[in-house]
Structures are given as C-alpha cells and as structure tokens.
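Enquirer: Take this structure, written in structure tokens, and hold onto it; I'll ask about it next.
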Amino acid sequence: MSPTPAPQVHVRCGFCLTLNRVSMDRAGDRPKCGKCQRPILLDRPVKVEADDFQRTVLESQVPVLVDFYADWCAPCRMLAPHLDQVATQGVGRLLVVKVDSDRAPELAQRFGIRGLPTVVLFR
C-alpha cells in the first residue's frame with residue numbers, strides 16, 4: 001500500500017506574487033518560491049486577494065482560517081497578534097490567511113461579512 005501524499009496548498013509568494021504549490025509536511029522548513037527563490041512564510045498569516053481566494057482557500061487540502069479585516073479597523077489590529085500565534089502554532093496543519101475587505105469587497109459580500117474583524121474557518 002502506498003503512503004498517503006501530504007496535503008498541499010496554493011499560496012502566492014509575498015515578493016514576486018507567483019502562485020506556488022506547497023506541501024504542508026514541509027511548511028515549517030520555509031519552502032521557497034519556484035520563481036524568485038524567496039521564502040514562503042506559512043508561520044504567519046498569508047494575504048489573499050479575490051483572484052486567488054478560490055485556489056488558496058476553497059481548494060485547500062487543509063483547514064484555512066480566514067481573517068476578513070481592514071487596515072483602518074482598530075479591533076482588527078488588536079486581533080492580529082493572536083492570529084500570528086495561531087499561524088505559528090498551526091504551521092503544517094492549518095493555513096491562516098488575511099483578506100482585506102476594502103480590496104476584496106466581493107468576497108465580503110459573497111460570505112455575508114457585515115462587521116470587522118470576522119474570522120471564518122473553511123474546511
């Protein structure tokens with residue numbers, strides 16, 4: 001019997017914006033972007049835009065905790081260190097992402113986000 005492949009996620013490089021497939025069993029090893037070779041840091045929340053939400057969140061093979069936030073939102077800034085901690089503790093098992101509701105209002109509307117911050121777990 002062959003071993004079960006490790007779950008994978010698709011995340012955009014924070015430097016060159018290339019979408020990369022990352023094996024979650026290597027998430028703690030600081031995988032590198034296939035294009036620019038810079039580290040993909042999954043031990044902290046990853047920013048997601050409307051154009052990569054489907055691939056990164058909805059098609060993920062691991063649970064994804066999504067923080068719908070805005071830069072001007074004081075409670076969002078207060079929640080941020082806690083989400084950093086969740087991302088650090090969940091590396092390899094959970095993906096934590098942030099969606100700027102001002103930059104992606106269609107996502108906020110699609111998921112019925114009426115107040116910020118709103119945190120949703122997608123499985």
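Residues in the structure tokens are named by chain (A, B, ... in the order shown) and by number from 1 within that chain; ligands are numbered from 1 in the order shown.
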Residues of chain A in strand (DSSP E) according to DSSP, as a PDB file with N, CA and C atoms, in the first residue's frame?
Expert:
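Output (out.pdb):
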ATOM      1  N   GLN A   8      -1.587  19.580   0.322  1.00  0.00           N
ATOM      2  CA  GLN A   8      -0.928  20.707  -0.317  1.00  0.00           C
ATOM      3  C   GLN A   8      -1.840  21.922  -0.331  1.00  0.00           C
ATOM      4  N   VAL A   9      -1.210  23.091  -0.377  1.00  0.00           N
ATOM      5  CA  VAL A   9      -1.935  24.355  -0.504  1.00  0.00           C
ATOM      6  C   VAL A   9      -1.282  25.163  -1.621  1.00  0.00           C
ATOM      7  N   HIS A  10      -2.031  26.106  -2.156  1.00  0.00           N
ATOM      8  CA  HIS A  10      -1.511  27.038  -3.152  1.00  0.00           C
ATOM      9  C   HIS A  10      -1.490  28.419  -2.521  1.00  0.00           C
ATOM     10  N   VAL A  11      -0.299  29.006  -2.439  1.00  0.00           N
ATOM     11  CA  VAL A  11      -0.163  30.342  -1.855  1.00  0.00           C
ATOM     12  C   VAL A  11       0.682  31.215  -2.772  1.00  0.00           C
ATOM     13  N   ARG A  12       0.360  32.489  -2.751  1.00  0.00           N
ATOM     14  CA  ARG A  12       1.070  33.451  -3.579  1.00  0.00           C
ATOM     15  C   ARG A  12       2.325  33.923  -2.841  1.00  0.00           C
ATOM     16  N   LEU A  19       2.003  32.199  -7.828  1.00  0.00           N
ATOM     17  CA  LEU A  19       1.258  31.197  -7.093  1.00  0.00           C
ATOM     18  C   LEU A  19       2.099  29.928  -7.015  1.00  0.00           C
ATOM     19  N   ASN A  20       2.305  29.424  -5.801  1.00  0.00           N
ATOM     20  CA  ASN A  20       3.139  28.251  -5.565  1.00  0.00           C
ATOM     21  C   ASN A  20       2.342  27.158  -4.882  1.00  0.00           C
ATOM     22  N   ARG A  21       2.621  25.909  -5.244  1.00  0.00           N
ATOM     23  CA  ARG A  21       2.047  24.757  -4.550  1.00  0.00           C
ATOM     24  C   ARG A  21       3.039  24.355  -3.461  1.00  0.00           C
ATOM     25  N   VAL A  22       2.540  24.250  -2.219  1.00  0.00           N
ATOM     26  CA  VAL A  22       3.399  23.942  -1.083  1.00  0.00           C
ATOM     27  C   VAL A  22       2.852  22.711  -0.366  1.00  0.00           C
ATOM     28  N   SER A  23       3.722  21.754  -0.129  1.00  0.00           N
ATOM     29  CA  SER A  23       3.373  20.564   0.638  1.00  0.00           C
ATOM     30  C   SER A  23       3.382  20.944   2.116  1.00  0.00           C
ATOM     31  N   VAL A  46      -1.071  34.713   5.682  1.00  0.00           N
ATOM     32  CA  VAL A  46      -0.745  34.972   4.287  1.00  0.00           C
ATOM     33  C   VAL A  46      -1.853  35.844   3.702  1.00  0.00           C
ATOM     34  N   LYS A  47      -1.497  36.909   3.000  1.00  0.00           N
ATOM     35  CA  LYS A  47      -2.518  37.757   2.368  1.00  0.00           C
ATOM     36  C   LYS A  47      -3.067  37.065   1.134  1.00  0.00           C
ATOM     37  N   VAL A  64      -8.483  26.183   6.565  1.00  0.00           N
ATOM     38  CA  VAL A  64      -7.972  27.536   6.365  1.00  0.00           C
ATOM     39  C   VAL A  64      -8.768  28.492   7.245  1.00  0.00           C
ATOM     40  N   LEU A  65      -8.073  29.208   8.101  1.00  0.00           N
ATOM     41  CA  LEU A  65      -8.677  30.222   8.948  1.00  0.00           C
ATOM     42  C   LEU A  65      -8.525  31.557   8.229  1.00  0.00           C
ATOM     43  N   VAL A  66      -9.656  32.183   7.887  1.00  0.00           N
ATOM     44  CA  VAL A  66      -9.643  33.425   7.109  1.00  0.00           C
ATOM     45  C   VAL A  66     -10.040  34.589   8.006  1.00  0.00           C
ATOM     46  N   ASP A  67      -9.183  35.601   8.039  1.00  0.00           N
ATOM     47  CA  ASP A  67      -9.444  36.834   8.770  1.00  0.00           C
ATOM     48  C   ASP A  67      -9.861  37.901   7.757  1.00  0.00           C
ATOM     49  N   PHE A  68     -11.127  38.289   7.791  1.00  0.00           N
ATOM     50  CA  PHE A  68     -11.605  39.405   6.974  1.00  0.00           C
ATOM     51  C   PHE A  68     -11.358  40.660   7.808  1.00  0.00           C
ATOM     52  N   TYR A  69     -10.550  41.570   7.289  1.00  0.00           N
ATOM     53  CA  TYR A  69     -10.106  42.730   8.058  1.00  0.00           C
ATOM     54  C   TYR A  69     -10.051  43.971   7.170  1.00  0.00           C
ATOM     55  N   LEU A  95      -3.763  26.593   7.630  1.00  0.00           N
ATOM     56  CA  LEU A  95      -3.299  27.780   6.923  1.00  0.00           C
ATOM     57  C   LEU A  95      -4.103  28.966   7.425  1.00  0.00           C
ATOM     58  N   VAL A  96      -3.423  30.037   7.800  1.00  0.00           N
ATOM     59  CA  VAL A  96      -4.086  31.257   8.255  1.00  0.00           C
ATOM     60  C   VAL A  96      -3.885  32.308   7.178  1.00  0.00           C
ATOM     61  N   VAL A  97      -5.001  32.893   6.708  1.00  0.00           N
ATOM     62  CA  VAL A  97      -4.924  33.910   5.661  1.00  0.00           C
ATOM     63  C   VAL A  97      -5.693  35.156   6.071  1.00  0.00           C
ATOM     64  N   LYS A  98      -5.328  36.276   5.447  1.00  0.00           N
ATOM     65  CA  LYS A  98      -5.983  37.557   5.688  1.00  0.00           C
ATOM     66  C   LYS A  98      -6.545  38.076   4.375  1.00  0.00           C
ATOM     67  N   VAL A  99      -7.786  38.548   4.431  1.00  0.00           N
ATOM     68  CA  VAL A  99      -8.429  39.150   3.265  1.00  0.00           C
ATOM     69  C   VAL A  99      -8.795  40.587   3.629  1.00  0.00           C
ATOM     70  N   ASP A 100      -8.227  41.539   2.913  1.00  0.00           N
ATOM     71  CA  ASP A 100      -8.543  42.947   3.121  1.00  0.00           C
ATOM     72  C   ASP A 100      -9.913  43.214   2.491  1.00  0.00           C
ATOM     73  N   THR A 118     -13.911  39.708  11.105  1.00  0.00           N
ATOM     74  CA  THR A 118     -14.664  38.455  11.074  1.00  0.00           C
ATOM     75  C   THR A 118     -13.695  37.351  10.707  1.00  0.00           C
ATOM     76  N   VAL A 119     -13.713  36.290  11.492  1.00  0.00           N
ATOM     77  CA  VAL A 119     -12.824  35.161  11.265  1.00  0.00           C
ATOM     78  C   VAL A 119     -13.686  33.941  10.946  1.00  0.00           C
ATOM     79  N   VAL A 120     -13.355  33.276   9.828  1.00  0.00           N
ATOM     80  CA  VAL A 120     -14.136  32.127   9.356  1.00  0.00           C
ATOM     81  C   VAL A 120     -13.177  30.969   9.107  1.00  0.00           C
ATOM     82  N   LEU A 121     -13.568  29.778   9.566  1.00  0.00           N
ATOM     83  CA  LEU A 121     -12.771  28.578   9.306  1.00  0.00           C
ATOM     84  C   LEU A 121     -13.391  27.824   8.137  1.00  0.00           C
ATOM     85  N   PHE A 122     -12.601  27.616   7.096  1.00  0.00           N
ATOM     86  CA  PHE A 122     -13.021  26.844   5.923  1.00  0.00           C
ATOM     87  C   PHE A 122     -12.355  25.477   6.004  1.00  0.00           C
TER      88      PHE A 122
END
Enquirer: Can you list every residue of segment 12-52 of chain A that has an atom at most 8 Å from segment 83-86 of chain A, with its nearest atom pair and the distance in Å to one decimal, using only C-alpha atoms, ordered by chain then number, as CSV?
Expert:
residue,atom,partner,partner_atom,distance
A:Asp43,CA,A:Asp84,CA,7.6
A:Arg44,CA,A:Asp84,CA,5.2
A:Pro45,CA,A:Asp84,CA,6.2
Enquirer: With C-alpha atoms kept, could you save the residues just selected as a JSON list (two decimals), in the first residue's frame?
Expert:
[["chain", "number", "residue", "atom", "x", "y", "z"],
["A", 43, "ASP", "CA", 4.16, 30.52, 10.10],
["A", 44, "ARG", "CA", 2.27, 33.82, 9.83],
["A", 45, "PRO", "CA", -0.94, 34.89, 8.08]]
Enquirer: Applying 8 Å and only C-alpha atoms, which residues near segment 36-39 of chain A remain after dropping the ones on its own chain fewer than 6 positions away? List them as a VMD selection string.
Expert: chain A and resid 13 15 to 16 30
Enquirer: Just write the chosen residues, N, CA and C atoms, as a tab-separated table (two decimals), in the first residue's frame.
Expert:
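The result, stored in part_29.tsv:
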chain	number	residue	atom	x	y	z
A	13	CYS	N	3.43	33.98	-3.55
A	13	CYS	CA	4.68	34.49	-2.99
A	13	CYS	C	4.48	35.97	-2.61
A	15	PHE	N	6.65	38.17	-2.39
A	15	PHE	CA	7.63	39.02	-3.05
A	15	PHE	C	7.33	39.20	-4.54
A	16	CYS	N	7.20	38.08	-5.28
A	16	CYS	CA	7.01	38.18	-6.73
A	16	CYS	C	5.57	37.88	-7.17
A	30	ARG	N	10.36	26.37	5.72
A	30	ARG	CA	10.46	27.60	4.92
A	30	ARG	C	10.67	27.28	3.44
Enquirer: For Gly28 of chain A, list every protein, DNA or RNA residue within 10 Å, evaluated using only C-alpha atoms, and leave out those in the same chain fewer than 5 positions away; present the list as a PyMOL selection string.
Expert: chain A and resi 40-43+88+90-92
Enquirer: Taking only segment 1-122 of chain A into account, list the residues labelled alpha helix (DSSP H) by DSSP (computed from the backbone), as a PyMOL selection string.
Expert: chain A and resi 50-53+74-90+105-110
Enquirer: So, with only C-alpha atoms as the atoms that count, which of A:Arg123, A:Arg110, A:Arg77, A:Lys32 lies closest to Thr56 of chain A?
Expert: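 The answer is A:Arg123, which sits nearest to Thr56 of chain A.
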Enquirer: Closest to Ala80 of chain A among A:Gly112, A:Pro105, A:Gly14, A:Pro117, using only C-alpha atoms?
Expert: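 Of the candidates, the smallest distance to Ala80 of chain A is held by A:Pro117.
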Enquirer: Work out how far apart atom CA of Cys73 of chain A and atom CA of Ala108 of chain A are and give it in Å to one decimal.
Expert: 14.8 Å
Enquirer: For atom CA of Asp25 of chain A and atom CA of Leu79 of chain A, determine how far apart the two atoms are, in Å to one decimal place.
Expert: 27.2 Å
Enquirer: Can you list, as a compact mmCIF listing (two decimals) with all heavy atoms, in the first residue's frame, every protein, DNA or RNA residue that comes within 9 Å of Ala50 of chain A when you count only C-alpha atoms, leaving out same-chain residues fewer than 2 positions away?
Expert:
# COMPACT_ATOMS: atom_id res chain seq x y z
N VAL A 48 -4.39 37.13 0.99
CA VAL A 48 -5.08 36.52 -0.15
C VAL A 48 -5.96 37.58 -0.78
O VAL A 48 -6.64 38.34 -0.09
CB VAL A 48 -5.92 35.31 0.31
CG1 VAL A 48 -6.75 34.76 -0.83
CG2 VAL A 48 -5.05 34.22 0.89
N ASP A 52 -7.10 34.91 -6.05
CA ASP A 52 -6.53 33.63 -5.64
C ASP A 52 -7.28 32.99 -4.47
O ASP A 52 -6.86 31.95 -3.96
CB ASP A 52 -5.04 33.75 -5.35
CG ASP A 52 -4.69 34.80 -4.32
OD1 ASP A 52 -5.53 35.63 -4.00
OD2 ASP A 52 -3.53 34.80 -3.86
N PHE A 53 -8.41 33.54 -4.06
CA PHE A 53 -9.19 33.01 -2.95
C PHE A 53 -9.66 31.58 -3.23
O PHE A 53 -9.55 30.71 -2.37
CB PHE A 53 -10.39 33.92 -2.65
CG PHE A 53 -11.11 33.56 -1.39
CD1 PHE A 53 -10.71 34.08 -0.17
CD2 PHE A 53 -12.20 32.71 -1.42
CE1 PHE A 53 -11.37 33.75 0.99
CE2 PHE A 53 -12.88 32.37 -0.26
CZ PHE A 53 -12.46 32.89 0.96
N GLN A 54 -10.20 31.36 -4.41
CA GLN A 54 -10.71 30.03 -4.78
C GLN A 54 -9.61 28.98 -4.61
O GLN A 54 -9.80 27.96 -3.96
CB GLN A 54 -11.22 30.04 -6.23
CG GLN A 54 -11.66 28.69 -6.75
CD GLN A 54 -12.99 28.22 -6.19
OE1 GLN A 54 -13.86 29.04 -5.87
NE2 GLN A 54 -13.15 26.93 -6.05
N VAL A 99 -7.79 38.55 4.43
CA VAL A 99 -8.43 39.15 3.26
C VAL A 99 -8.80 40.59 3.63
O VAL A 99 -9.57 40.82 4.56
CB VAL A 99 -9.69 38.37 2.85
CG1 VAL A 99 -10.43 39.09 1.74
CG2 VAL A 99 -9.34 36.95 2.44
N ARG A 103 -10.16 45.84 -0.23
CA ARG A 103 -9.60 45.47 -1.54
C ARG A 103 -10.39 44.36 -2.22
O ARG A 103 -10.27 44.17 -3.42
CB ARG A 103 -8.15 45.04 -1.38
CG ARG A 103 -7.23 46.19 -1.00
CD ARG A 103 -5.80 45.72 -0.85
NE ARG A 103 -5.33 45.00 -2.03
CZ ARG A 103 -4.54 45.49 -2.95
NH1 ARG A 103 -4.11 46.73 -2.84
NH2 ARG A 103 -4.14 44.75 -3.97
N ALA A 104 -11.17 43.60 -1.44
CA ALA A 104 -11.94 42.49 -2.00
C ALA A 104 -13.38 42.52 -1.47
O ALA A 104 -13.84 41.60 -0.80
CB ALA A 104 -11.28 41.16 -1.65
N PRO A 105 -14.13 43.62 -1.76
CA PRO A 105 -15.49 43.72 -1.23
C PRO A 105 -16.41 42.62 -1.74
O PRO A 105 -17.37 42.24 -1.06
CB PRO A 105 -15.96 45.10 -1.70
CG PRO A 105 -15.08 45.43 -2.86
CD PRO A 105 -13.77 44.76 -2.59
N GLU A 106 -16.10 42.07 -2.93
CA GLU A 106 -16.94 40.99 -3.46
C GLU A 106 -16.85 39.74 -2.59
O GLU A 106 -17.84 39.01 -2.46
CB GLU A 106 -16.58 40.68 -4.92
CG GLU A 106 -15.19 40.12 -5.14
CD GLU A 106 -14.07 41.15 -5.23
OE1 GLU A 106 -14.26 42.33 -4.85
OE2 GLU A 106 -12.98 40.76 -5.67
N LEU A 107 -15.71 39.48 -1.97
CA LEU A 107 -15.59 38.33 -1.07
C LEU A 107 -16.37 38.57 0.22
O LEU A 107 -17.04 37.67 0.72
CB LEU A 107 -14.12 38.04 -0.76
CG LEU A 107 -13.30 37.46 -1.89
CD1 LEU A 107 -11.84 37.33 -1.48
CD2 LEU A 107 -13.85 36.14 -2.36
Enquirer: So the first atom is atom CA of Met24 of chain A and the second is atom CA of Ala6 of chain A; what is the distance between them in Å, to one decimal place?
Expert: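 A separation of 6.5 Å between them.
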